[in-house]
>>> print(open('upload_4.txt').read())   # compact mmCIF, C-alpha atoms
# COMPACT_ATOMS: atom_id res chain seq x y z
CA MET A 1 60.12 -70.55 25.67
CA ARG A 2 59.15 -74.19 25.94
CA SER A 3 61.58 -76.91 26.89
CA SER A 4 61.60 -80.33 25.26
CA VAL A 5 63.68 -83.38 25.97
CA TYR A 6 64.49 -85.73 23.10
CA PHE A 7 66.52 -88.90 23.12
CA ILE A 8 69.32 -88.64 20.58
CA ASN A 9 71.39 -91.75 19.94
CA ARG A 10 75.14 -91.82 19.34
CA GLU A 11 74.73 -92.04 15.58
CA VAL A 12 72.74 -88.79 15.50
CA MET A 13 75.26 -87.13 17.83
CA LYS A 14 78.07 -88.17 15.46
CA LEU A 15 76.20 -86.76 12.45
CA MET A 16 75.58 -83.50 14.30
CA ALA A 17 79.30 -83.20 15.13
CA GLU A 18 80.29 -83.95 11.52
CA ASN A 19 77.82 -81.35 10.24
CA ARG A 20 78.54 -78.66 12.82
CA ASP A 21 78.96 -75.92 10.20
CA LYS A 22 75.66 -76.85 8.60
CA TYR A 23 73.87 -76.65 11.95
CA LEU A 24 75.44 -73.25 12.60
CA GLN A 25 74.17 -72.10 9.19
CA LEU A 26 70.70 -73.41 10.04
CA ASP A 27 70.76 -71.66 13.42
CA GLU A 28 71.50 -68.37 11.67
CA VAL A 29 68.53 -68.88 9.30
CA ILE A 30 66.32 -69.66 12.29
CA ARG A 31 67.45 -66.47 14.07
CA GLU A 32 66.80 -64.39 10.95
CA ASN A 33 63.29 -65.76 10.44
CA LYS A 34 61.94 -66.28 13.95
CA GLY A 35 58.67 -64.42 14.36
CA LYS A 36 58.25 -63.71 10.65
CA GLN A 37 55.22 -64.82 8.70
CA GLY A 38 56.03 -67.97 6.71
CA ALA A 39 59.11 -68.69 8.84
CA VAL A 40 58.57 -72.47 8.81
CA MET A 41 58.51 -72.66 5.01
CA ILE A 42 61.47 -70.29 4.57
CA THR A 43 63.52 -72.15 7.17
CA LEU A 44 62.67 -75.58 5.73
CA GLN A 45 63.73 -74.38 2.28
CA ALA A 46 67.05 -73.21 3.69
CA ALA A 47 67.48 -76.48 5.61
CA GLN A 48 66.79 -78.45 2.42
CA ASN A 49 69.50 -76.44 0.65
CA ILE A 50 71.97 -76.86 3.50
CA PHE A 51 71.43 -80.56 4.28
CA GLU A 52 69.91 -81.69 0.95
CA HIS A 53 67.03 -83.17 2.99
CA VAL A 54 65.24 -82.39 6.27
CA PRO A 55 65.75 -85.27 8.70
CA ARG A 56 63.94 -85.47 12.03
CA ASP A 57 66.72 -83.85 14.06
CA VAL A 58 66.71 -80.84 11.72
CA GLN A 59 62.91 -80.59 12.01
CA ILE A 60 63.20 -80.65 15.81
CA ARG A 61 65.85 -77.91 15.74
CA ILE A 62 63.63 -75.77 13.48
CA ALA A 63 60.56 -76.30 15.67
CA GLU A 64 62.40 -75.42 18.86
CA GLY A 65 64.24 -72.50 17.27
CA LEU A 66 61.09 -70.97 15.81
CA ASP A 67 59.06 -71.91 18.89
CA VAL A 68 56.43 -73.77 16.87
CA PRO A 69 55.10 -77.30 17.32
CA LEU A 70 57.10 -80.07 15.67
CA SER A 71 53.84 -81.22 14.08
CA GLU A 72 53.67 -77.93 12.16
CA VAL A 73 57.21 -78.32 10.80
CA TYR A 74 56.58 -81.98 9.93
CA GLY A 75 53.25 -81.09 8.32
CA VAL A 76 54.85 -78.56 5.99
CA ALA A 77 57.81 -80.86 5.24
CA THR A 78 55.53 -83.73 4.25
CA PHE A 79 52.91 -81.68 2.40
CA TYR A 80 55.27 -80.14 -0.16
CA SER A 81 57.07 -82.56 -2.50
CA GLN A 82 60.12 -80.29 -2.70
CA PHE A 83 61.15 -81.49 0.76
CA ALA A 84 62.85 -84.84 1.27
CA LEU A 85 62.91 -86.45 4.69
CA GLU A 86 65.53 -88.96 3.56
CA PRO A 87 68.64 -88.34 1.45
CA ARG A 88 67.98 -88.33 -2.28
CA GLY A 89 70.17 -89.91 -4.90
CA LYS A 90 72.34 -87.97 -7.32
CA TYR A 91 69.70 -88.73 -9.95
CA VAL A 92 66.03 -88.46 -9.00
CA ILE A 93 63.81 -90.39 -11.39
CA GLY A 94 60.17 -89.38 -11.52
CA VAL A 95 57.80 -91.67 -13.39
CA CYS A 96 54.56 -89.97 -14.42
CA LEU A 97 51.46 -91.88 -13.38
CA GLY A 98 49.05 -89.24 -14.66
CA THR A 99 46.14 -90.49 -16.76
CA ALA A 100 47.74 -90.21 -20.22
CA CYS A 101 50.99 -91.82 -19.10
CA TYR A 102 49.26 -94.52 -17.08
CA VAL A 103 47.01 -95.49 -20.00
CA LYS A 104 50.09 -95.74 -22.23
CA GLY A 105 51.98 -98.03 -19.84
CA SER A 106 53.88 -95.95 -17.30
CA LYS A 107 53.21 -98.57 -14.62
CA ASN A 108 55.30 -101.02 -16.68
CA ILE A 109 58.04 -98.39 -16.99
CA LEU A 110 58.01 -97.90 -13.21
CA GLU A 111 58.23 -101.65 -12.61
CA ARG A 112 61.13 -101.97 -15.06
CA LEU A 113 63.01 -99.13 -13.38
CA SER A 114 62.44 -100.69 -9.97
CA LYS A 115 63.78 -104.02 -11.23
CA GLU A 116 66.70 -102.48 -13.15
CA LEU A 117 67.80 -100.38 -10.17
CA ASP A 118 66.88 -102.97 -7.53
CA VAL A 119 65.03 -100.35 -5.51
CA LYS A 120 61.46 -99.84 -4.31
CA VAL A 121 59.45 -96.81 -5.38
CA GLY A 122 60.12 -93.94 -2.99
CA SER A 123 63.58 -95.25 -2.08
CA THR A 124 67.19 -94.60 -3.00
CA THR A 125 69.60 -97.20 -4.33
CA LYS A 126 72.18 -98.58 -1.91
CA ASP A 127 74.97 -96.71 -3.71
CA GLY A 128 73.07 -93.42 -3.27
CA ARG A 129 73.03 -92.80 -7.00
CA PHE A 130 69.32 -93.09 -7.90
CA THR A 131 66.06 -92.23 -6.17
CA LEU A 132 62.91 -93.66 -7.77
CA ARG A 133 59.64 -91.76 -7.32
CA ASP A 134 56.19 -91.98 -8.79
CA THR A 135 54.72 -88.61 -9.70
CA ARG A 136 51.48 -87.23 -11.01
CA CYS A 137 51.34 -85.22 -14.21
CA LEU A 138 54.69 -83.96 -15.53
CA GLY A 139 52.95 -81.82 -18.16
CA ALA A 140 54.21 -83.74 -21.18
CA CYS A 141 51.09 -85.77 -21.97
CA GLY A 142 51.80 -85.72 -25.71
CA LEU A 143 54.98 -87.71 -25.02
CA ALA A 144 53.31 -90.30 -22.78
CA PRO A 145 54.58 -92.33 -21.06
CA VAL A 146 57.15 -89.95 -19.61
CA ILE A 147 59.91 -90.06 -17.01
CA MET A 148 62.08 -87.27 -15.72
CA ILE A 149 65.63 -87.76 -14.45
CA ASN A 150 66.59 -84.56 -12.67
CA ASP A 151 65.86 -82.03 -15.46
CA ASP A 152 65.98 -84.48 -18.40
CA VAL A 153 62.66 -85.63 -19.89
CA TYR A 154 62.24 -88.94 -21.71
CA GLY A 155 59.03 -89.71 -23.56
CA ARG A 156 57.24 -92.28 -25.68
CA LEU A 157 58.98 -94.96 -23.67
CA VAL A 158 58.66 -98.72 -23.60
CA PRO A 159 60.14 -100.86 -20.82
CA ASP A 160 63.01 -102.01 -23.06
CA ASP A 161 64.23 -98.37 -23.31
CA ILE A 162 65.05 -98.29 -19.61
CA PRO A 163 68.41 -100.18 -19.49
CA ALA A 164 70.07 -97.83 -22.00
CA ILE A 165 68.76 -94.73 -20.23
CA ILE A 166 69.99 -95.96 -16.84
CA GLU A 167 73.36 -96.95 -18.29
CA LYS A 168 73.85 -93.37 -19.50
CA TYR A 169 73.55 -92.11 -15.90
CA ARG A 170 75.67 -94.91 -14.45
CA ALA A 171 78.45 -93.86 -16.82
CA MET A 172 78.33 -90.22 -15.66
>>> encode(input="upload_4.txt", output="C-alpha cells")
Amino acid sequence: MRSSVYFINREVMKLMAENRDKYLQLDEVIRENKGKQGAVMITLQAAQNIFEHVPRDVQIRIAEGLDVPLSEVYGVATFYSQFALEPRGKYVIGVCLGTACYVKGSKNILERLSKELDVKVGSTTKDGRFTLRDTRCLGACGLAPVIMINDDVYGRLVPDDIPAIIEKYRAM
C-alpha cells in the first residue's frame, strides 16, 4: 500500500467533519469495489450521488482507497460529462452548440443566458441556483436552437425568450 501526504487546509477539514456520514458512505463503496474491474467508474458514480460532485479531496480518497493513481481518478472524472468537479446549481442549463443550433443562433441564446444570470459559461450563479453549460448536440435538431434545463427542453428560441424562461425557474 502506498503512502501519500497531502496538505489539507482548515476549510477542507471543516467540510470533511461536516460531511462525516458521506465520507463513511464513500469508504464503504470503496471497500466494496476495491480490486474489481471498473472500480474507479463505479466509485466515482457513487461519490457523485453522495456528494453531488467529486471535489479533489474525494478524488484523493478514492485513489488512495482503491490504490490507483490520482491521475486515473481525475482522468475518468474529467472525461465523462456526468461528473462535476464543482457543485452544480439546482437547475443545470445546457445550451446546444451543435451545428443546427449554432447556425440558428444558439450562441446568442448562450450570451443572453450568461447576461441574464450574471454567470460565465461553465459556472454556477452565486446563489447556487443555476449552472450554465454549453453542450454539443442535444438530439433535438428540428427544434433548433435548443436549451435544456434539467429534463425540460425548450426549442425554437430567440434571445428575448430567455427572461421568461428563467423567471419560471426563479419562481420555483
>>> atom_distance(input="upload_4.txt", atom1="CA of Lys90 in chain A", atom2="CA of Arg129 in chain A")
4.9 Å
>>> atom_distance(input="upload_4.txt", atom1="CA of Lys115 in chain A", atom2="CA of Pro145 in chain A")
17.8 Å
>>> closest_atom_pairs(input="upload_4.txt", of="range 48-86 of chain A", to="range 26-32 of chain A", cutoff="12 Å", atoms="only C-alpha atoms", output="CSV")
residue,atom,partner,partner_atom,distance
A:Gln48,CA,A:Leu26,CA,9.9
A:Asn49,CA,A:Leu26,CA,9.9
A:Ile50,CA,A:Leu26,CA,7.5
A:Phe51,CA,A:Leu26,CA,9.2
A:Val54,CA,A:Leu26,CA,11.2
A:Asp57,CA,A:Leu26,CA,11.9
A:Val58,CA,A:Leu26,CA,8.6
A:Gln59,CA,A:Leu26,CA,10.8
A:Ile60,CA,A:Leu26,CA,11.9
A:Arg61,CA,A:Asp27,CA,8.3
A:Ile62,CA,A:Ile30,CA,6.8
A:Ala63,CA,A:Ile30,CA,9.4
A:Glu64,CA,A:Ile30,CA,9.6
A:Gly65,CA,A:Ile30,CA,6.1
A:Leu66,CA,A:Ile30,CA,6.4
A:Asp67,CA,A:Ile30,CA,10.1
A:Val68,CA,A:Ile30,CA,11.6
>>> closest_residue(input="upload_4.txt", among="A:Leu85, A:Val76, A:Val92, A:Leu143", to="Gly105 in chain A", atoms="all atoms listed in the file")
A:Leu143
>>> atom_distance(input="upload_4.txt", atom1="CA of Val121 in chain A", atom2="CA of Ala46 in chain A")
26.4 Å
>>> closest_residue(input="upload_4.txt", among="A:Ile42, A:Ile165, A:Gln25, A:Gly98", to="Ala144 in chain A", atoms="only C-alpha atoms")
A:Gly98
>>> closest_residue(input="upload_4.txt", among="A:Ala47, A:His53, A:Ala140, A:Glu86", to="Val153 in chain A", atoms="all atoms listed in the file")
A:Ala140
>>> residues_near_point(input="upload_4.txt", point="(58.3, -92.4, -12.9)", cutoff="10 Å", atoms="only C-alpha atoms", output="list in words")
Val92, Ile93, Gly94, Val95, Cys96, Leu97, Gly98, Cys101, Ser106, Lys107, Asn108, Ile109, Leu110, Glu111, Leu113, Ser114, Val121, Leu132, Arg133, Asp134, Thr135, Arg136, Leu138, Pro145, Val146, Ile147, Met148 and Ile149 of chain A
>>> closest_residue(input="upload_4.txt", among="A:Glu52, A:Glu18, A:Glu116, A:Glu72", to="Glu167 in chain A", atoms="all atoms listed in the file")
A:Glu116
>>> closest_residue(input="upload_4.txt", among="A:Pro55, A:Pro159, A:Gly75, A:Gly89", to="Phe130 in chain A", atoms="all atoms listed in the file")
A:Gly89
>>> axis_aligned_box(input="upload_4.txt", around="range 105-108 of chain A", padding_each_side="8 Å", output="JSON")
{"center_x": 53.6, "center_y": -98.5, "center_z": -17.2, "size_x": 19.3, "size_y": 21.1, "size_z": 21.2}
